[in-house]
file upload-v3.cif (mmCIF, C-alpha atoms)
data_final
#
loop_
_atom_site.label_atom_id
_atom_site.label_comp_id
_atom_site.auth_asym_id
_atom_site.auth_seq_id
_atom_site.Cartn_x
_atom_site.Cartn_y
_atom_site.Cartn_z
CA MET C 20 25.17 84.48 146.49
CA LEU C 21 28.41 82.56 146.06
CA PRO C 22 31.56 83.48 147.99
CA THR C 23 33.64 85.85 145.86
CA GLN C 24 37.42 86.22 145.71
CA ARG C 25 39.28 89.23 144.38
CA GLY C 26 41.11 88.65 141.13
CA PRO C 27 42.73 91.05 138.67
CA VAL C 28 41.21 94.52 138.23
CA GLY C 29 37.76 94.20 136.69
CA VAL C 30 37.70 90.45 137.30
CA ARG C 31 35.42 88.56 139.68
CA VAL C 32 36.48 85.07 140.74
CA THR C 33 33.77 82.78 142.10
CA SER C 34 34.29 79.35 143.66
CA GLY C 35 31.78 76.61 144.31
CA SER C 36 30.88 74.75 147.46
CA ALA C 37 33.68 74.03 149.92
CA ALA C 38 32.10 70.65 150.59
CA VAL C 39 33.59 69.19 147.41
CA ALA C 40 36.18 66.58 148.32
CA GLY C 41 39.74 67.59 147.57
CA ALA C 42 40.40 64.21 145.98
CA ALA C 43 38.00 64.85 143.08
CA TRP C 44 39.53 64.54 139.66
CA ALA C 45 40.65 67.74 137.90
CA TRP C 46 38.10 67.27 135.10
CA GLN C 47 35.38 67.21 137.77
CA GLN C 48 36.57 70.62 139.05
CA PRO C 49 37.16 72.60 135.87
CA SER C 50 38.31 76.19 135.78
CA VAL C 51 36.04 78.31 133.60
CA LEU C 52 36.44 81.86 132.32
CA LEU C 53 33.15 83.67 131.70
CA ILE C 54 33.36 86.57 129.24
CA GLU C 55 30.07 88.43 129.65
CA ASP C 56 29.34 92.16 129.89
CA ASP C 57 25.79 91.76 131.24
CA GLU C 58 25.84 91.45 135.04
CA ALA C 59 22.41 89.77 135.13
CA ASP C 60 23.58 87.06 132.73
CA ALA C 61 26.80 86.64 134.71
CA LEU C 62 24.75 86.18 137.90
CA LEU C 63 22.68 83.54 136.13
CA VAL C 64 25.82 81.59 135.26
CA GLU C 65 27.05 81.85 138.85
CA GLU C 66 23.76 80.39 140.08
CA LEU C 67 24.05 77.52 137.57
CA VAL C 68 27.52 76.79 138.91
CA ALA C 69 26.22 76.72 142.46
CA ASP C 70 23.30 74.45 141.56
CA CYS C 71 25.01 71.75 139.54
CA THR C 72 28.80 72.08 139.50
CA PRO C 73 30.01 72.94 143.01
CA GLY C 74 33.61 72.08 142.12
CA MET C 75 33.79 74.52 139.25
CA ARG C 76 36.08 77.56 139.61
CA LEU C 77 34.49 80.46 137.77
CA THR C 78 36.23 83.70 136.77
CA TRP C 79 34.17 86.54 135.29
CA VAL C 80 35.43 89.32 133.03
CA ARG C 81 33.45 91.85 131.02
CA SER C 82 35.44 92.12 127.77
CA LEU C 83 37.91 90.35 125.52
CA ALA C 84 40.61 92.79 126.54
CA GLU C 85 40.24 91.70 130.16
CA ALA C 86 39.97 88.06 129.06
CA ARG C 87 43.24 88.33 127.20
CA GLU C 88 45.11 89.21 130.39
CA VAL C 89 43.57 86.26 132.22
CA LEU C 90 44.26 83.81 129.37
CA ILE C 91 47.89 84.91 129.14
CA ALA C 92 48.37 84.46 132.88
CA ALA C 93 46.84 80.95 133.06
CA THR C 94 44.77 79.00 130.54
CA PRO C 95 41.46 77.78 132.00
CA ASP C 96 39.79 74.53 131.07
CA CYS C 97 36.91 76.25 129.32
CA VAL C 98 35.75 79.69 128.17
CA LEU C 99 32.08 80.73 128.25
CA LEU C 100 31.82 83.43 125.61
CA ASP C 101 29.03 85.90 124.97
CA LEU C 102 28.89 86.79 121.26
CA HIS C 103 28.07 90.46 121.95
CA LEU C 104 30.76 92.27 123.90
CA PRO C 105 31.92 95.88 124.05
CA ASP C 106 35.07 95.07 122.04
CA SER C 107 33.87 92.27 119.74
CA HIS C 108 30.78 91.10 117.94
CA GLY C 109 29.70 87.71 116.63
CA LEU C 110 32.26 85.13 115.53
CA GLU C 111 35.11 87.60 115.93
CA GLY C 112 35.13 86.76 119.63
CA VAL C 113 35.61 83.03 118.96
CA ALA C 114 38.55 83.73 116.67
CA ARG C 115 40.20 86.05 119.18
CA VAL C 116 39.83 83.64 122.11
CA ARG C 117 41.36 80.87 120.02
CA GLN C 118 44.16 83.24 119.14
CA TYR C 119 44.87 83.92 122.81
CA ALA C 120 44.77 80.29 124.00
CA ASP C 121 44.11 76.74 122.84
CA VAL C 122 41.09 76.24 125.07
CA ALA C 123 37.57 74.78 124.93
CA VAL C 124 34.97 77.40 124.04
CA VAL C 125 31.22 77.32 124.78
CA VAL C 126 29.31 80.17 123.16
CA LEU C 127 26.38 81.90 124.92
CA THR C 128 23.64 83.05 122.54
CA GLY C 129 20.25 84.74 122.86
CA LEU C 130 16.89 83.10 122.23
CA ALA C 131 16.61 84.62 118.76
CA GLU C 132 20.08 83.73 117.53
CA GLU C 133 20.48 80.00 118.04
CA SER C 134 21.81 79.73 114.49
CA ALA C 135 24.73 81.90 115.58
CA GLY C 136 25.67 79.18 118.05
CA LEU C 137 25.85 76.64 115.25
CA ASP C 138 28.00 79.03 113.23
CA ALA C 139 30.29 79.44 116.24
CA VAL C 140 30.72 75.67 116.51
CA ALA C 141 31.57 75.57 112.82
CA ALA C 142 34.13 78.32 113.49
CA GLY C 143 35.91 76.34 116.19
CA ALA C 144 33.84 76.48 119.37
CA GLN C 145 33.11 73.18 121.07
CA ASP C 146 29.45 73.87 121.95
CA TYR C 147 26.83 76.60 122.50
CA LEU C 148 24.16 77.33 125.09
CA VAL C 149 21.03 79.45 124.64
CA LYS C 150 20.49 81.93 127.45
CA GLY C 151 17.15 81.39 129.21
CA ARG C 152 16.94 77.75 128.16
CA VAL C 153 19.82 76.39 130.21
CA GLU C 154 19.11 74.08 133.10
CA ALA C 155 21.73 73.39 135.72
CA GLU C 156 22.35 69.80 134.67
CA LEU C 157 22.62 70.71 130.98
CA PHE C 158 25.00 73.55 131.79
CA GLY C 159 27.43 71.34 133.73
CA ARG C 160 27.31 68.61 131.12
CA ALA C 161 27.92 71.08 128.26
CA VAL C 162 31.01 72.52 129.94
CA ARG C 163 32.52 69.12 130.70
CA TYR C 164 31.71 67.73 127.25
CA ALA C 165 33.29 70.79 125.66
CA ILE C 166 36.45 70.25 127.70
CA GLN C 167 36.58 66.59 126.73
CA ARG C 168 36.02 67.38 123.06
CA LYS C 169 38.84 69.91 123.18
CA LEU C 170 41.14 67.40 124.82
CA ALA C 171 40.23 64.90 122.09
CA GLU C 172 41.00 67.50 119.42
CA GLN C 173 44.36 68.24 121.01
CA ALA C 174 45.17 64.54 121.27
CA ALA C 175 44.22 64.01 117.62
CA ALA C 176 46.38 66.96 116.57
CA ALA C 177 49.31 65.65 118.61
CA LEU C 178 48.83 62.19 117.09
CA GLN C 179 48.80 63.63 113.59
CA ALA C 180 51.93 65.66 114.32
CA GLY C 181 53.56 62.53 115.71
CA GLN C 182 52.60 60.55 112.62
CA LEU C 183 54.00 63.24 110.34
CA ARG C 184 57.20 63.34 112.39
CA ALA C 185 57.45 59.54 112.27
CA GLU C 186 57.00 59.59 108.51
CA GLU C 187 59.75 62.19 108.18
CA ASN C 188 61.95 60.03 110.39
CA ARG C 189 61.22 56.97 108.24
CA ARG C 190 62.20 58.89 105.12
CA LEU C 191 65.44 59.93 106.76
CA GLU C 192 65.98 56.40 108.01
CA ARG C 193 65.59 55.02 104.50
CA GLY C 194 68.27 57.47 103.40
CA LEU C 195 70.54 56.57 106.31
CA LEU C 196 70.09 52.84 105.80
CA PRO C 197 70.61 52.24 102.08
CA THR C 198 70.33 49.01 100.16
CA PRO C 199 73.82 48.02 98.91
CA LEU C 200 74.06 48.52 95.16
CA LEU C 201 75.59 45.17 94.21
CA LYS C 202 75.33 42.98 91.14
CA GLU C 203 73.47 39.69 91.52
CA THR C 204 76.72 37.87 90.77
CA ALA C 205 78.72 39.75 93.42
CA ASP C 206 80.73 37.44 95.65
CA LEU C 207 80.78 39.92 98.52
CA GLU C 208 78.84 39.44 101.74
CA VAL C 209 77.70 42.71 103.31
CA VAL C 210 76.40 42.92 106.88
CA ALA C 211 75.33 46.39 108.00
CA ARG C 212 73.81 47.61 111.25
CA TYR C 213 72.67 51.04 112.39
CA LEU C 214 71.84 51.92 115.99
CA PRO C 215 70.76 55.51 116.71
CA GLY C 216 71.80 57.17 119.96
CA ARG C 217 69.32 56.71 122.84
CA GLU C 218 68.04 60.31 122.61
CA GLN C 219 67.49 60.38 118.87
CA ALA C 220 65.08 57.50 118.17
CA LEU C 221 65.42 57.04 114.40
CA LEU C 222 67.64 60.04 113.76
CA GLY C 223 71.41 60.37 113.80
CA GLY C 224 74.36 61.68 111.83
CA ASP C 225 76.07 58.35 111.02
CA PHE C 226 75.85 57.09 107.43
CA TYR C 227 77.19 54.30 105.22
CA ASP C 228 76.87 52.87 101.72
CA VAL C 229 78.16 50.06 99.47
CA VAL C 230 78.25 50.31 95.66
CA GLN C 231 79.65 48.02 92.97
CA THR C 232 80.83 49.61 89.72
CA PRO C 233 80.71 47.98 86.25
CA ASP C 234 84.37 46.88 86.46
CA GLY C 235 83.47 44.66 89.43
CA SER C 236 85.11 46.83 92.08
CA VAL C 237 83.18 47.33 95.30
CA HIS C 238 83.23 50.75 96.99
CA ALA C 239 82.24 51.20 100.62
CA LEU C 240 81.73 54.25 102.80
CA ILE C 241 81.16 54.90 106.47
CA GLY C 242 80.89 58.35 108.03
CA ASP C 243 79.78 60.39 111.00
CA VAL C 244 78.46 63.96 111.02
CA SER C 245 79.24 65.77 114.27
CA GLY C 246 76.20 66.40 116.44
CA HIS C 247 72.79 64.74 116.60
CA GLY C 248 69.30 65.39 115.35
CA PRO C 249 67.43 65.98 112.10
CA ASP C 250 69.85 68.57 110.66
CA GLU C 251 72.82 66.24 111.10
CA ALA C 252 70.82 63.25 109.86
CA ALA C 253 69.75 65.14 106.75
CA LEU C 254 73.35 66.19 106.11
CA GLY C 255 74.49 62.59 106.50
CA VAL C 256 71.89 61.45 103.98
CA GLY C 257 73.01 64.16 101.57
CA LEU C 258 76.67 63.17 101.87
CA ARG C 259 75.86 59.49 101.36
CA ILE C 260 73.79 60.16 98.22
CA ALA C 261 76.48 62.50 96.88
CA TRP C 262 79.15 59.84 97.48
CA ARG C 263 77.09 57.20 95.67
CA THR C 264 76.59 59.60 92.75
CA LEU C 265 80.33 60.29 92.58
CA VAL C 266 81.13 56.58 92.57
CA VAL C 267 78.61 55.77 89.87
CA SER C 268 79.77 58.71 87.74
CA GLY C 269 83.37 57.47 87.83
CA ALA C 270 84.98 60.00 90.20
CA THR C 271 88.04 58.45 91.83
CA GLY C 272 90.58 59.09 94.57
CA ALA C 273 90.71 62.19 96.69
CA ARG C 274 88.44 64.00 94.22
CA ARG C 275 85.48 62.31 95.89
CA LEU C 276 86.37 63.62 99.32
CA GLY C 277 87.05 67.10 98.02
CA THR C 278 83.62 67.22 96.39
CA LEU C 279 81.96 65.86 99.54
CA GLU C 280 83.65 68.56 101.59
CA GLU C 281 82.30 71.24 99.25
CA ILE C 282 78.79 69.82 99.70
CA LEU C 283 79.16 69.66 103.48
CA ILE C 284 80.30 73.29 103.69
CA ALA C 285 77.40 74.39 101.50
CA GLU C 286 74.77 72.40 103.44
CA ARG C 287 75.89 72.52 107.07
CA THR C 288 74.03 74.68 109.58
CA GLY C 289 77.15 76.10 111.23
CA GLU C 290 80.90 76.33 110.78
CA GLN C 291 81.41 74.00 113.74
CA ILE C 292 79.83 71.07 111.86
CA PHE C 293 82.24 68.54 110.34
CA ALA C 294 82.16 64.92 109.18
CA THR C 295 84.60 62.07 109.50
CA LEU C 296 84.58 59.18 107.05
CA THR C 297 86.45 56.22 105.61
CA SER C 298 86.10 55.27 101.94
CA LEU C 299 87.21 51.89 100.58
CA GLU C 300 87.70 50.42 97.10
CA LEU C 301 87.94 46.64 96.79
CA PRO C 302 89.23 45.46 93.39
CA PRO C 303 87.59 42.36 91.87
CA ASP C 304 90.51 40.07 92.80
CA GLY C 305 90.04 40.86 96.52
CA ARG C 306 93.78 40.85 97.20
CA SER C 307 93.97 44.41 98.44
CA VAL C 308 91.87 47.37 99.46
CA ARG C 309 92.37 51.04 98.65
CA VAL C 310 91.61 53.26 101.65
CA MET C 311 90.98 56.98 102.15
CA ARG C 312 90.46 58.23 105.68
CA ALA C 313 89.22 61.67 106.73
CA GLY C 314 89.56 61.97 110.50
CA HIS C 315 87.73 58.67 111.02
CA PRO C 316 88.75 55.81 113.35
CA GLY C 317 90.55 52.79 111.93
CA MET C 318 88.93 49.49 110.95
CA LEU C 319 89.14 45.85 111.92
CA LEU C 320 90.69 43.23 109.65
CA ARG C 321 89.42 39.69 110.21
CA SER C 322 91.38 36.75 108.85
CA GLY C 323 92.21 33.17 109.66
CA THR C 324 94.85 34.35 112.12
CA GLY C 325 92.50 36.56 114.16
CA VAL C 326 91.51 40.21 114.25
CA GLU C 327 93.80 43.21 113.76
CA TRP C 328 93.33 46.97 113.97
CA ILE C 329 94.16 48.74 110.69
CA GLU C 330 94.56 52.52 110.62
CA VAL C 331 96.19 53.95 107.51
CA PRO C 332 97.51 57.52 107.24
CA GLY C 333 94.70 59.96 106.52
CA GLY C 334 93.69 63.58 106.33
CA PRO C 335 91.47 65.85 108.43
CA ALA C 336 87.72 65.51 108.83
CA LEU C 337 85.65 67.14 106.12
CA GLY C 338 84.93 70.78 106.91
CA VAL C 339 87.84 71.30 109.32
CA LEU C 340 90.16 72.87 106.72
CA PRO C 341 87.83 74.35 104.11
CA GLY C 342 89.05 76.09 100.98
CA GLY C 343 90.91 73.18 99.40
CA ALA C 344 93.70 73.08 101.99
CA ALA C 345 92.99 69.50 103.14
CA ARG C 346 94.71 66.47 101.60
CA TRP C 347 93.63 62.84 101.88
CA PRO C 348 96.22 60.26 100.87
CA VAL C 349 95.16 57.04 99.15
CA GLU C 350 96.64 53.95 100.81
CA ASP C 351 96.70 50.34 99.54
CA VAL C 352 96.43 47.55 102.11
CA ALA C 353 97.09 43.91 101.24
CA LEU C 354 94.34 41.49 102.26
CA PRO C 355 94.68 37.86 103.29
CA GLU C 356 92.49 35.37 101.47
CA GLU C 357 88.81 35.59 102.51
CA ALA C 358 89.58 38.51 104.80
CA GLY C 359 86.76 40.49 106.36
CA LEU C 360 86.83 44.26 106.85
CA VAL C 361 84.81 45.86 109.63
CA LEU C 362 84.04 49.58 109.40
CA PHE C 363 82.37 51.40 112.28
CA THR C 364 81.70 54.81 113.81
CA ASP C 365 83.17 55.91 117.13
CA GLY C 366 79.88 55.46 118.99
CA LEU C 367 80.75 51.75 119.15
CA PHE C 368 83.71 52.27 121.48
CA GLU C 369 83.09 55.64 123.18
CA GLY C 370 80.39 54.45 125.58
CA ARG C 371 81.31 54.66 129.28
CA THR C 372 82.12 51.29 130.82
CA GLY C 373 83.18 52.37 134.31
CA PRO C 374 83.32 55.24 136.78
CA GLY C 375 84.54 58.64 135.67
CA ARG C 376 85.79 58.76 132.11
CA GLN C 377 86.47 55.05 131.73
CA ARG C 378 85.43 53.95 128.23
CA LEU C 379 85.75 50.87 126.06
CA GLY C 380 88.14 52.65 123.70
CA GLU C 381 89.82 51.35 120.59
CA GLN C 382 91.96 48.80 122.44
CA GLY C 383 88.95 47.50 124.34
CA LEU C 384 86.99 47.17 121.10
CA LEU C 385 89.86 45.22 119.52
CA GLU C 386 90.02 42.83 122.48
CA LEU C 387 86.25 42.39 122.30
CA ALA C 388 86.44 41.66 118.57
CA ARG C 389 89.20 39.11 119.11
CA SER C 390 87.03 37.27 121.62
CA LEU C 391 84.37 36.93 118.89
CA ALA C 392 86.75 36.13 116.04
CA GLY C 393 85.38 32.65 115.35
CA LEU C 394 81.81 33.81 114.61
CA PRO C 395 80.40 34.17 111.10
CA ALA C 396 80.00 37.73 109.81
CA GLU C 397 76.40 38.44 110.85
CA ALA C 398 76.76 36.92 114.30
CA PHE C 399 80.10 38.71 114.76
CA VAL C 400 78.58 42.13 114.07
CA ASP C 401 75.54 41.54 116.28
CA GLU C 402 77.63 40.21 119.17
CA LEU C 403 80.14 43.04 118.84
CA ILE C 404 77.42 45.67 119.15
CA GLY C 405 75.55 43.74 121.83
CA SER C 406 78.68 43.29 123.94
CA ALA C 407 79.59 46.98 123.68
CA GLU C 408 76.03 47.87 124.73
CA ALA C 409 76.16 45.49 127.67
CA LEU C 410 79.44 46.95 128.92
CA ALA C 411 77.99 50.47 128.80
CA GLU C 412 74.53 49.61 130.13
CA ASP C 413 75.22 50.51 133.76
CA TYR C 414 76.78 53.85 132.80
CA GLY C 415 74.18 55.35 130.48
CA GLY C 416 74.47 53.03 127.50
CA LEU C 417 75.84 53.88 124.07
CA ALA C 418 74.92 57.55 123.97
CA ASP C 419 76.16 58.13 120.42
CA ASP C 420 74.94 56.69 117.13
CA VAL C 421 76.54 53.46 115.96
CA ALA C 422 77.00 52.22 112.41
CA VAL C 423 78.87 49.02 111.53
CA VAL C 424 79.56 47.56 108.07
CA HIS C 425 81.21 44.13 107.60
CA LEU C 426 82.55 43.29 104.12
CA GLN C 427 83.85 39.85 103.22
CA ARG C 428 84.43 37.97 100.00
CA GLN C 429 82.39 34.81 99.94
CA ARG C 430 84.16 31.48 99.61
CA GLN C 431 84.03 30.27 96.03
CA PRO C 432 83.13 26.59 95.44
CA PRO C 433 85.98 24.49 94.04
CA ASN C 434 86.01 23.88 90.27
CA GLU C 435 84.80 20.41 89.33
#

call {"tool": "encode", "arguments": {"input": "upload-v3.cif", "output": "structure tokens"}}
result
Amino acid sequence: MLPTQRGPVGVRVTSGSAAVAGAAWAWQQPSVLLIEDDEADALLVEELVADCTPGMRLTWVRSLAEAREVLIAATPDCVLLDLHLPDSHGLEGVARVRQYADVAVVVLTGLAEESAGLDAVAAGAQDYLVKGRVEAELFGRAVRYAIQRKLAEQAAAALQAGQLRAEENRRLERGLLPTPLLKETADLEVVARYLPGREQALLGGDFYDVVQTPDGSVHALIGDVSGHGPDEAALGVGLRIAWRTLVVSGATGARRLGTLEEILIAERTGEQIFATLTSLELPPDGRSVRVMRAGHPGMLLRSGTGVEWIEVPGGPALGVLPGGAARWPVEDVALPEEAGLVLFTDGLFEGRTGPGRQRLGEQGLLELARSLAGLPAEAFVDELIGSAEALAEDYGGLADDVAVVHLQRQRQPPNE
């Protein structure tokens, strides 16, 4: 007989030979729960364990009720299940074990019911063994193969779940990263970048868009939903699409922001959620820009004389003063010839750059931008983000999402 340890009431725990090296891999020393009400059959399984699988840890219970307690306490690597128990019969036992735990199942059948073993495999078991026909080597191999098949099933399920999650993320990413809606003849250069926070992979609450209307005006948006994750990302996508719809439909001025706030309040997951944004309108002549700001940081103005920080008067973030109480003034800003406007979210300058609470900040971002003033638009944006990342690298990196949009009228060739 094998040495026996006392387990829970009604449970017998049997271990294999103590000569097995402690360094053996876990899959070579599986834990197995035997659910069998016949003591003679249970003894047979114990002898098989002793003969071929000395590292196996075997626990014996007589019913599914007892098995449930064991499975809740700790999931074994494999369950050996008799199809005829005091509290279950046939395939019901397989279903109930799978309900209790996601574990490999090997069914034990009688000589006259081998077909029941095949049915059990079809119902979710990993294998079956016929009592009286099991040799020690076959028994050990069946248990280990069942465990490996279960692990493969779990890995495949996790892979499928990961693929579905990645596809959902890609759909959200496509919504977060729109294609500017510009005419082929537009003389505006648009450079846009999106960098999700380090914990969110593809997901984040920042959003932006650029749309040209039939009169030649170009409208731009950048915004930031408070918080991180799929709910905030989905809300950001919804706000961006709503803004584009409002622009295309001809809505102007503060009416756009009021409608966006209504949508945010209706769609947000909690009253603490808000969104900041800046909305621009560039007339066809490019001599000025009309700005509305809702709790969002300022913007950078690039010109032949350098880089300046522009922050016009604005109103509160969307969702902070619901009920129509908020007001967002519309401000006109004159633009130098061939000026470039740089919109961004606060993740670009809120990364830690030193001990304690030291951060890049708005002034640090302006100084950084001025050091890159001579670069063309695309290189300027990439270097601006890269430099901010480098400064924060030793202190956790840019933990928040970052969106940057650079808008600049292209130089027109002289008339011949």

call {"tool": "resolve_selection", "arguments": {"input": "upload-v3.cif", "expression": "the PyMOL selection byres ((chain C and resi 233) around 12)", "output": "PyMOL selection string"}}
result
chain C and resi 200-202+204-205+230-232+234-238+266-269+302-303

call {"tool": "atom_distance", "arguments": {"input": "upload-v3.cif", "atom1": "atom CA of Asp206 of chain C", "atom2": "atom CA of Asp365 of chain C"}}
result
28.4 Å

call {"tool": "closest_residue", "arguments": {"input": "upload-v3.cif", "among": "C:Val326, C:Val162, C:Val140, C:Leu319", "to": "Gln48 of chain C", "atoms": "all atoms listed in the file"}}
result
C:Val162

call {"tool": "resolve_selection", "arguments": {"input": "upload-v3.cif", "expression": "the PyMOL selection byres ((chain C and resi 293) around 6)", "output": "list in words"}}
result
Val244, Ser245, Ile292, Ala294, Leu337 and Gly338 of chain C

call {"tool": "resolve_selection", "arguments": {"input": "upload-v3.cif", "expression": "the PyMOL selection byres ((chain C and resi 156-158) around 10)", "output": "PyMOL selection string"}}
result
chain C and resi 64+67-68+70-72+147-148+152-155+159-164

call {"tool": "atom_distance", "arguments": {"input": "upload-v3.cif", "atom1": "atom CA of Asp225 of chain C", "atom2": "atom CA of Asp351 of chain C"}}
result
24.9 Å

call {"tool": "closest_residue", "arguments": {"input": "upload-v3.cif", "among": "C:Ala211, C:Leu258, C:Leu127, C:Ala273", "to": "Ala398 of chain C", "atoms": "only C-alpha atoms"}}
result
C:Ala211

call {"tool": "atom_distance", "arguments": {"input": "upload-v3.cif", "atom1": "atom CA of Leu391 of chain C", "atom2": "atom CA of Trp328 of chain C"}}
result
14.3 Å

call {"tool": "closest_residue", "arguments": {"input": "upload-v3.cif", "among": "C:Pro374, C:Pro105, C:Gly366, C:Gly359", "to": "Glu327 of chain C", "atoms": "all atoms listed in the file"}}
result
C:Gly359

call {"tool": "residues_around", "arguments": {"input": "upload-v3.cif", "residues": "Tyr213 of chain C", "least_positions_apart": "2", "cutoff": "8 Å", "atoms": "all atoms listed in the file", "output": "list in words"}}
result
Leu196, Ala211, Pro215, Asp420, Val421, Ala422 and Val423 of chain C

call {"tool": "closest_residue", "arguments": {"input": "upload-v3.cif", "among": "C:Gln145, C:Gly317, C:Pro249, C:Trp79", "to": "Arg184 of chain C", "atoms": "all atoms listed in the file"}}
result
C:Pro249

call {"tool": "residues_around", "arguments": {"input": "upload-v3.cif", "residues": "segment 285-291 of chain C", "least_positions_apart": "3", "cutoff": "9 Å", "atoms": "only C-alpha atoms", "output": "count of residues only"}}
result
10

call {"tool": "closest_residue", "arguments": {"input": "upload-v3.cif", "among": "C:Leu410, C:Ala313, C:Ala144, C:Leu299", "to": "Gly333 of chain C", "atoms": "all atoms listed in the file"}}
result
C:Ala313

call {"tool": "decode", "arguments": {"input": "upload-v3.cif", "residues": "segment 179-185 of chain C", "atoms": "all heavy atoms", "output": "PDB file, in the first residue's frame"}}
result
ATOM      1  N   GLN C 179      -7.259  33.405 -28.557  1.00  0.00           N
ATOM      2  CA  GLN C 179      -8.443  33.908 -29.229  1.00  0.00           C
ATOM      3  C   GLN C 179      -8.981  35.151 -28.531  1.00  0.00           C
ATOM      4  O   GLN C 179      -9.352  36.132 -29.184  1.00  0.00           O
ATOM      5  CB  GLN C 179      -9.523  32.836 -29.286  1.00  0.00           C
ATOM      6  CG  GLN C 179     -10.783  33.284 -30.044  1.00  0.00           C
ATOM      7  CD  GLN C 179     -11.835  32.197 -30.085  1.00  0.00           C
ATOM      8  OE1 GLN C 179     -11.808  31.257 -29.286  1.00  0.00           O
ATOM      9  NE2 GLN C 179     -12.778  32.315 -31.006  1.00  0.00           N
ATOM     10  N   ALA C 180      -9.011  35.107 -27.186  1.00  0.00           N
ATOM     11  CA  ALA C 180      -9.470  36.280 -26.441  1.00  0.00           C
ATOM     12  C   ALA C 180      -8.553  37.473 -26.699  1.00  0.00           C
ATOM     13  O   ALA C 180      -9.015  38.608 -26.863  1.00  0.00           O
ATOM     14  CB  ALA C 180      -9.522  35.964 -24.950  1.00  0.00           C
ATOM     15  N   GLY C 181      -7.232  37.193 -26.752  1.00  0.00           N
ATOM     16  CA  GLY C 181      -6.290  38.268 -27.041  1.00  0.00           C
ATOM     17  C   GLY C 181      -6.481  38.836 -28.434  1.00  0.00           C
ATOM     18  O   GLY C 181      -6.379  40.051 -28.648  1.00  0.00           O
ATOM     19  N   GLN C 182      -6.759  37.967 -29.405  1.00  0.00           N
ATOM     20  CA  GLN C 182      -6.987  38.430 -30.768  1.00  0.00           C
ATOM     21  C   GLN C 182      -8.250  39.272 -30.859  1.00  0.00           C
ATOM     22  O   GLN C 182      -8.275  40.295 -31.543  1.00  0.00           O
ATOM     23  CB  GLN C 182      -7.070  37.230 -31.709  1.00  0.00           C
ATOM     24  CG  GLN C 182      -5.737  36.519 -31.915  1.00  0.00           C
ATOM     25  CD  GLN C 182      -5.873  35.222 -32.693  1.00  0.00           C
ATOM     26  OE1 GLN C 182      -6.949  34.614 -32.741  1.00  0.00           O
ATOM     27  NE2 GLN C 182      -4.793  34.773 -33.295  1.00  0.00           N
ATOM     28  N   LEU C 183      -9.308  38.834 -30.153  1.00  0.00           N
ATOM     29  CA  LEU C 183     -10.538  39.617 -30.149  1.00  0.00           C
ATOM     30  C   LEU C 183     -10.315  40.973 -29.494  1.00  0.00           C
ATOM     31  O   LEU C 183     -10.798  42.006 -29.975  1.00  0.00           O
ATOM     32  CB  LEU C 183     -11.640  38.851 -29.412  1.00  0.00           C
ATOM     33  CG  LEU C 183     -12.183  37.599 -30.107  1.00  0.00           C
ATOM     34  CD1 LEU C 183     -13.155  36.865 -29.191  1.00  0.00           C
ATOM     35  CD2 LEU C 183     -12.871  37.957 -31.421  1.00  0.00           C
ATOM     36  N   ARG C 184      -9.553  40.973 -28.380  1.00  0.00           N
ATOM     37  CA  ARG C 184      -9.262  42.227 -27.702  1.00  0.00           C
ATOM     38  C   ARG C 184      -8.418  43.138 -28.587  1.00  0.00           C
ATOM     39  O   ARG C 184      -8.642  44.354 -28.658  1.00  0.00           O
ATOM     40  CB  ARG C 184      -8.530  41.949 -26.384  1.00  0.00           C
ATOM     41  CG  ARG C 184      -8.395  43.154 -25.472  1.00  0.00           C
ATOM     42  CD  ARG C 184      -7.736  42.779 -24.156  1.00  0.00           C
ATOM     43  NE  ARG C 184      -8.501  41.781 -23.453  1.00  0.00           N
ATOM     44  CZ  ARG C 184      -8.094  40.518 -23.276  1.00  0.00           C
ATOM     45  NH1 ARG C 184      -6.916  40.133 -23.774  1.00  0.00           N
ATOM     46  NH2 ARG C 184      -8.829  39.662 -22.627  1.00  0.00           N
ATOM     47  N   ALA C 185      -7.455  42.545 -29.301  1.00  0.00           N
ATOM     48  CA  ALA C 185      -6.625  43.349 -30.199  1.00  0.00           C
ATOM     49  C   ALA C 185      -7.452  43.945 -31.326  1.00  0.00           C
ATOM     50  O   ALA C 185      -7.238  45.088 -31.737  1.00  0.00           O
ATOM     51  CB  ALA C 185      -5.492  42.489 -30.757  1.00  0.00           C
TER      52      ALA C 185
END
